[in-house]
Each structure stands twice: as C-alpha cells, then as structure tokens.
Amino acid sequence: MDSANQAKHRTQRLWLRATTAGLLCALLALVAGTVLFARQTAETQELSARQADLNIRLRQLHTMLVTLGDAETGQRGYLLTGKEQYLAPYSAAVSLMPELLQSLDHIPAELPQLNTHIALVREFMGLKFAELERTIQLYRQGQHDAALQMVQSGTGMVYMEQTRSHISAVLELLRSHRDDLNLRVAAGSDSSRRLAILIVSTLVAFILLAAAQIVMLARSRLRYERALTESEMQHRAIVEEQTEMVSLAQEDGTLTYVNPAYARHFNLSSSQMVGTNLYDRVDVADRDAVRAQLTAVLQNNETRQGENRMLAADGGERWFAWTNRCQRGSQGEKLLHSVGRDITERKKAAEALRASEDFLARTGRLAGVGGWEVDLVTHAVHWSEQVKRIHEVPPDFMPTLQSAIAFYTPAAQDKVRSVILESTKTGKPWDLELPLTTAKGRQIYVRTIGETEFDADGEARRLVGAFQDITERKALEQQLAESERFVREITDHLPVRIAYLDRERRFRFMNTVNCKRFKRAHEDIIGHTRSELVGDGMDAIFAPRALAALQGELQRFEFEEQVDGELRQIEGQMIPHFGEDGAVLGFFTTGIDITERKAAERALRDLTEIFDHTTDYIVQTDWRGNIHYLNPSVRRVLGLAPDTPIQGLLFSDFNTPETNALFANEIHAAVRQNGVWVGEATVYAEGRRVVPVNHMTIAHHDASGRIARYSAVMRDISANVAARNQLQLQSATLQAVVESIPAMVAVFGADLRYRLVNTAFERWKGLARDSVVGHTAEEILGPAEYQRSLPWALRALAGETVSYEKEYPGSGQSRYLAFSYIPLRLADGTVDGFIGVAQDITPHREEEIRLLYLSERDALTGLLNRAGFESYLTRKIQAGNASTLALLYIDLDHFKPVNDSHGHPVGDALLRLFAERLQRLVRPTDAVARLGGDEFAVVLSGVRERSNADWVADKVIEAAQTPFEVTGFTLHIGASVGVAFDASGAPGWQGLVERADAMLYAAKAAGRGRKA
C-alpha cells in the first residue's frame, strides 16, 4: 500500500512538474510575443510616418519644378514685351523658392547619392535664378540685345535641364525609398499577423495547462502551494520589468497597484503612488473626458482604448495611449486595469506633419496651385482641395479619370488623352495650358503639369502632377496683345509719321509710314538716333526743339524736306511724355505731309504704362492680433528694414479704419464659422498711403478647436485699377487719332456690322455715326454696292490684307476710291473683323485713264495701236480665254499705188474708211487694231470653232474689195488675211501672232485677195 502511494505521489509530482514547466513556457512565450507585437506595431507606425513625410517632400519637389517654370515663363514674357506685369510669376517664384529649398534640408539623408543631387539642385537652381535676374537687369538697363543674346546662348536652358535632371534624380531616389518603406510596412504587417497567431496559440496552450494545473492543485493544494506561489512571483516579475505602464485602480480612481514603469514616469516608487488618485495626474483639459471613458469601461464591463495628456514630474505635458478594461478583485469588487505607453514623440511628429501639410496646402492655395494623383492600378483619382476649388466642385466630389478629362473642351480632351498615353509609354512629362469648363459652367484657362511613376519592373503605377488656374493671366495677355495689335495696325495704316524717342533721342517706336521715309526696316531703326540713320543736315532744325520737348514743352513747327527727290512741306510735333512723378521720360513725334492736304493734323500714341508689380503680402498674428511674422514684401511696402523687430506691432495699426470696421462686423464672424474670409479691403503703406488689396484671412485652430492664430494674405490691386484707367486713356487717344485723319476709316466685325467710323466717313456717306454703328454694311451701302464690296470683305475675313479700287460714276468729286482692308486678329489668330481705310484717288485715276487711252490708240484711225493690241491679248489670256481666241492678220493689197497716185491725204482717208468697215464687221467685245502702215489685225474672243473665224475673214476680204469713194475718187484695193486660232499653247499670244503672220504670207504667196 505504501509502495502504491509512493508511486502515486511520484507520478503526481512528475505531472505537476511537467504542467508547471509547460505553463511557464506558455507564459514566457505569451509575454515575449506581446513585447514583439508591440515593438513591431511601433516600427510599422514609424514607417508609416516616414512614408507620409516622403509624400510631402515629393509634392514640394513638384511645386519647385512648377515654380521654376513660372519664373522662366515670366522672364520670357518680360523680355518679349517689356511689360512688368509678366514678372509676377518670377517675383512669386523668387519669394517662394528659399522656403522650398530649405525644405530639402529635411529630406532623409541615408539614401545613396541623395546629398550629391540635392547639392547640385541648389547649385543649378542658384545659377538659373542668377541667369534670370541678370537678363532682367540687362533689359531694364536698356541692353535689350545683350539680354536676348544671353537667353539665346542656351546657358539658361542648360541650367534648367540640369536642375530638372537632378530634381528628377531626387524624386526617383525618394520614390524608391518610399517603395522600400511600403515593402517594409507590408512585411511588418505580416510579422504582426504571425505574432498575433502565435500569441493566441500560446494563450490557448496557457489556458489548457492552467486548467490542468488547477485540477491538480485542487487535489493536492497544500503540496503544490509553494510551486504556485513561485509561479505567481515569476509572473509579477515579468510584469514589473516591462516598459508599458500597468496599473489597477478602484472605481473612484484610487490606485491599488502600479508597476515600476508607471512609477518611473512620475519619478516615484510604486509604493509612493499606491493610494493616490490617477485623475490627479491627468491634464485638466482632458480630465472630464478620461473620467467619462473609465466610468463607461467599469459600467459596461468592456475594453476601451484612448489617448490623453498627463502631467510629468517636471510639470511638463506628456501624451499616453491607454488600453482600459474592467477586472474583478479578490473580493469581487470592480477594478480598472490599465496598460499604457508614452506616445509624446509620436504626437509631436504627427503635429509637425499636420502643420507641414497645412502650410503646403496654404502655400498651394496662395499660389493657385493644387495637386492631383491617379492610381493606374485601382483607377482611383485624388484631387487636392485647391484642384476641387478650381473645378468648382463640392469638397466631397469623387473624380474619375474620364470625368476629370471631361471638364476640358473637346479639342483639349484629345490633347490630354494623347499626352497621358505617351507619358505612360515613354515616361515623358507634360506641361500644358488648356481651356476648361468648370462644374458651374465658367470658362477658364488652366495649367496642368504631370508625369508617370513606374515601379521597379518598369510598369506604370500612378500619374501625379500639379494644377493651376491661369485665367486671369491669359485674359490680361490677350487684352494687352489685342490692344497693342490694334494700336499697331491703326498707326501702321495712317498716312502720318509717328515715332517715340527716349531722353537720349533714340527711336523706341516708329510706324510703317515713318520707316518708309527712312527707307529702312523697323528693326534697323529702333535704338538709333536720327543723325545715325541719315546725314541730311536737318538736326539744326530738330535738335533745339528736341531739347525743349525733353524739358516738357510742346513743340509744333513746319519744315521743308526732300522726299524721293521732291521738296515737301511737313508739319511736325514733339509731345513730351511725362512719368507719374512729373519727370519727362521722352517725347512723341508726328509728321504730316501738308503739301496736298493744307491742314495740320495731330497724331499721338500713348505707350502702355508699365506698372511695378508687387508680390503678395503675408502677415501672421496671434489670436489677439499681435504680429508674429511679416514677409519681405510687407516690410518693403511698410518701409521696415529686414532686421527691424516687430514685437509690439498690432495688425490693426496697418489697417484703415474701414478695414478694422470690416474685421469687427464681418471678418471675425466669418473666420470663426468658416475658417477663412476672402474679399477686398484697404491697408496703409509707408507714409500712410492707402493701398487697395485682395484680402484673405485664415483662422488656425489648436487641438481643442480654439483659434490660436490668424494668417492674412493680401495682394495689391492698385495695378489693376491703373491698368483700367490706362486702357480708357489709350482708347481715347486712339479715337482722337482716327478722328483727325482725312482718310475714311471704318471698323467691321466678323458679322460685317460697323463697330467704328470716323468723321471723314460721316462726311462721305452723309450719315451720323449713331445711325451707322451697329448696322450691317448692306444696310448702309445698299444691296448693289454691298455686293460689289462683299468679295473683298470675305477675303479680309479669311485673313488676307486686300487693296482695291472702285469707281462711283456720277457721285460728284470722289468718283474713284482706293480701299484697304486689314484683318483684325484675336490672340489665337482668329479673324474677328477688319479695318477699312478709303482714300479719294479721283484726280490720279482720271489722269491715268487719259494717258492709257493715248498710249494704246492709233492717232489716224482711232483703232488700237500695237501696244493696245498686245495689252488686249494679254488681258484675254489672263482672264482664261486663250483657247477661244482667233486672230486675223490683214495686209491691204494695191494700197501703195493709191498713195503714189493720189497722195498721202487720200491714202489716210482710205485707211480711216477701211477701219470703219472693220469695226462694223465685229462685235463690241472684239478688238480691231492698226499695227502700222496698211497692216491691220482683228482679235475675235469667244470663238468655239475655226470656221467662225474663217467666215469673218471672208467678210474682211469682201469689205476691202468694195470700192471706196474718197474726195471724188473711186478707189479699188484688196486684202489678204492670215487666220490663227487657239492661243492656249506656248508661247501664248506671241505664238498666235506668229501663226497668223505666217498664214498672211501664205495668202499673199497664193495670189493675194484671199485668206489662209
């Protein structure tokens, strides 16, 4: 019996040892798995944060490329036009680029070659901006050719390409690093899943072993009590050595247990903390929320997770993440079991990331630039808030690739699809400016930039890019181009010499009429003085008056000048050009030939005022309005040096009373409700000068939702007001120029309705302009005259500059007018109408007709002479009638005896009678000519068959053989005729004459008095 009991006890001890060992292994595996799972989770979160930071850096690099492109576009526009407005993109880029370059310092440096590429980006971008600044400086100094030569040298292009190349290299390295992080995150997630499975398996094993041990302990509690105590001590040691904070607390928050890790956070021991209340160390702002959460955990017997701030031993604020659950104590009471970890650093990183993203979003909104992305695998499309704002769609709008493309006009849609297809195949990026219709039906222009990202296998994975509204810039460019083109076309077709000279008396502008006077091309005149172009000794007349004009005195004088060998009387004017400060910048000159007109005219042309463009003003204040930041543009406009301290300055000090009232009545309420306010206001510049601005106020909230600070973005709109005033002044000047010229000027729209007529036109038509403008040409000219002019008008509307003359029989003095139609083109080349200029050429035309008649007529017979004969043939062939022409070459037989027997007067009378008979034989559309002596020719037009010409030839022979009665004498002669038909072959009418002449000789050789 004793032996059996001993054997049984040995078996129980062995089983107890085995289950204890299994239980300890399971517990150790459970704790180890938990620690590894927590560590893997922390690492995954860190990798995700690094992924988000890399995405921000990628967008900043894209913004850098867009900004650099805008700077170069502004430089090109300024160099081509000389207008300061084009420097707006350049100035914005110069202001934004330092901050973007500084962002490169935060890019992870552990990637190979990254620092090298970043250094090269800084270097080449510095060289590019230096090149842009140098060309602009040369242009402002008047060295236009040097500036253009520097651009054409290709150095800037090399800098641009190098910058893009190294930015692309940085982008590629960052994308590669991001893809590596994606793999690591995926691997971490997989590891976490396996650890979770292992922990659950271990926990199941632990429970099974614990159950077996409980059964054993129930049978022999006393025998195994020591082993159980040792196991409990080992478990407590494991818990107390872990890094997570572990605590037990009663329902009122009194701590009954804390592990050493919990106590270390507050520089106390576990025993010192037991008995204290956990709520005492919770931040006051979070205390009520924490109490409500923990109460719910205990009441609902559930597990909850949360984050809150707690006060550290040094009084500082720390963030903790907690997992709370309900646990029963030894007496069955409810206890709060909490496990937490310090997440302060993660919170700081998240806050910094949010602030960076917020700053990037504000910067994009300020620059009008948004970002977009298309996942080519899932076909998901993401738009930034700015892109949605440009498309005027709701914030919750979910675009697709097709719906995004559908916003463009049909022609632009094909272009977008083409560049996307090419980019996904070749990797080529695109940069396009295209028309777009917003969701609200508004027509705008946008700039879209994009490229394709590929994976390690070379497969296209996503499209990324930037988006910008450029409608205002496009409209301004089109308005300026149309205004300049209109002014140039008007001045180039005025019969007035117009020029502009600077203070050095060098030509800066000259119209076409004046260029013809100097017999030089426009580009060969600009930049030179008059004495450099011509040495005619006229400087003695012009120099004193030019000096007086540069002193602000209007000069009007008359002088004589040799023009094409003829002495002409010219009336000249020199009109000073004053700047905004009253200084004389140069002078306009006009010259009008008054030899024929006998009247003085004044022709002025105002050059477009170039206004200095200022960049946006950015101010940041706290919630009380104390200024914390002023950007350089604000300092410049306020007259503050860069190092002037701004402590103590209030934003309201720089606002006008009207703006401060607007803040009190509208802006504060709007930003509290919507977070942002946009409108117009006025602010003070240096010297209390009032400046109108576009104003945007943004409210920034802290974590509790309270307004912590404000940002104000303001744009000076004084230039827009000045531009409108200048456009009105320019229109008035052009109207004065058009009204002062004697030529008739009319401007037609594409629908052939009158848009503008001058006084000379009113006098010509006898109509007031109010009864002309807005009416069609057919209504004013009448159906017949309209049909005469319509073909020329249609050619002008097709884009051709046409000139022609028209006769007006019985219309008084102006019977002949010379017309010129000059097309009016929009910026895209579309013809929007034309300018008609008409001048009276009646005297010139009448003299030309008289001389032409005399030069082409035979003095004896009144028939065409040889010149008139050849001119008639030429006109018929040019009119396309060569194949229906027939020529009769006629030589009189027995005419010489008439002269010898009766004298030349009788012979001349005979020739006149024969000429009359010939004219009666042919139609009015045919021609009869005397080529010399007794030789005649008849040209028949519209002849379809040779037999018709032969019939006329027979009639000619019959007419010649009929006796002539001359001064009492009956005279008998005859005629031989050579017939030729069809002049369509080479060499034209000369060949026809040669064939007819050969036939004439054949007829004479056959016996005279016949045709051949």
# chains A, B, ... in the order shown; residues from 1 in each chain; ligands from 1
>>> residues_around(residues="Leu79 of chain A", least_positions_apart="4", cutoff="8 Å", atoms="only C-alpha atoms", output="PyMOL selection string")
chain A and resi 75+136+139+144+147-148
>>> closest_residue(among="A:Leu104, A:Ala456, A:Leu278, A:Leu138", to="Glu172 of chain A", atoms="only C-alpha atoms")
A:Ala456
>>> residues_around(residues="Leu860 of chain A", least_positions_apart="4", cutoff="9 Å", atoms="only C-alpha atoms", output="list in words")
Asp908, Ala909, Leu911 and Arg912 of chain A
>>> residues_around(residues="Cys326 of chain A", least_positions_apart="3", cutoff="9 Å", atoms="only C-alpha atoms", output="CSV table (one decimal) with C-alpha atoms, in the first residue's frame")
chain,number,residue,atom,x,y,z
A,297,VAL,CA,-15.4,50.8,-19.0
A,298,LEU,CA,-16.4,49.8,-15.5
A,299,GLN,CA,-20.1,50.1,-16.0
A,300,ASN,CA,-20.3,48.2,-19.3
A,301,ASN,CA,-17.5,45.8,-18.5
A,302,GLU,CA,-15.8,46.5,-21.8
A,303,THR,CA,-12.4,47.3,-23.1
A,334,LYS,CA,-14.6,46.1,-9.8
A,335,LEU,CA,-11.1,47.3,-10.6
A,336,LEU,CA,-9.8,49.3,-13.5
A,337,HIS,CA,-6.9,47.6,-15.2
A,338,SER,CA,-4.9,50.0,-17.4
>>> select_by_dssp(residues="segment 56-153 of chain A", states="alpha helix (DSSP H)", output="JSON, numbers by chain")
{"A": [56, 57, 58, 59, 60, 61, 62, 63, 64, 65, 66, 67, 68, 69, 70, 71, 72, 73, 74, 75, 76, 77, 78, 79, 80, 81, 88, 89, 90, 91, 92, 93, 94, 95, 96, 97, 98, 99, 100, 101, 102, 103, 114, 115, 116, 117, 118, 119, 120, 121, 122, 123, 124, 125, 126, 127, 128, 129, 130, 131, 132, 133, 134, 135, 136, 137, 138, 139, 140, 144, 145, 146, 147, 148, 149, 150, 151, 152]}
>>> residues_around(residues="Ser883 of chain A", least_positions_apart="4", cutoff="9 Å", atoms="only C-alpha atoms", output="PyMOL selection string")
chain A and resi 877+942-944+981-985
>>> residues_around(residues="segment 51-57 of chain A", least_positions_apart="3", cutoff="6 Å", atoms="only C-alpha atoms", output="JSON, numbers by chain")
{"A": [48, 60, 178]}
>>> write_last_selection(atoms="C-alpha atoms", output="PDB file, in the first residue's frame")
ATOM      1  CA  SER A  48       4.021  54.990 -41.996  1.00  0.00           C
ATOM      2  CA  GLN A  60       7.368  70.043 -52.560  1.00  0.00           C
ATOM      3  CA  ARG A 178       9.066  55.119 -50.411  1.00  0.00           C
TER       4      ARG A 178
END
>>> closest_residue(among="A:Ser711, A:Ser191, A:Gln113, A:Asn881", to="His166 of chain A", atoms="only C-alpha atoms")
A:Gln113
>>> closest_residue(among="A:Val757, A:Val966, A:Ile197, A:Leu114", to="Pro905 of chain A", atoms="only C-alpha atoms")
A:Val966
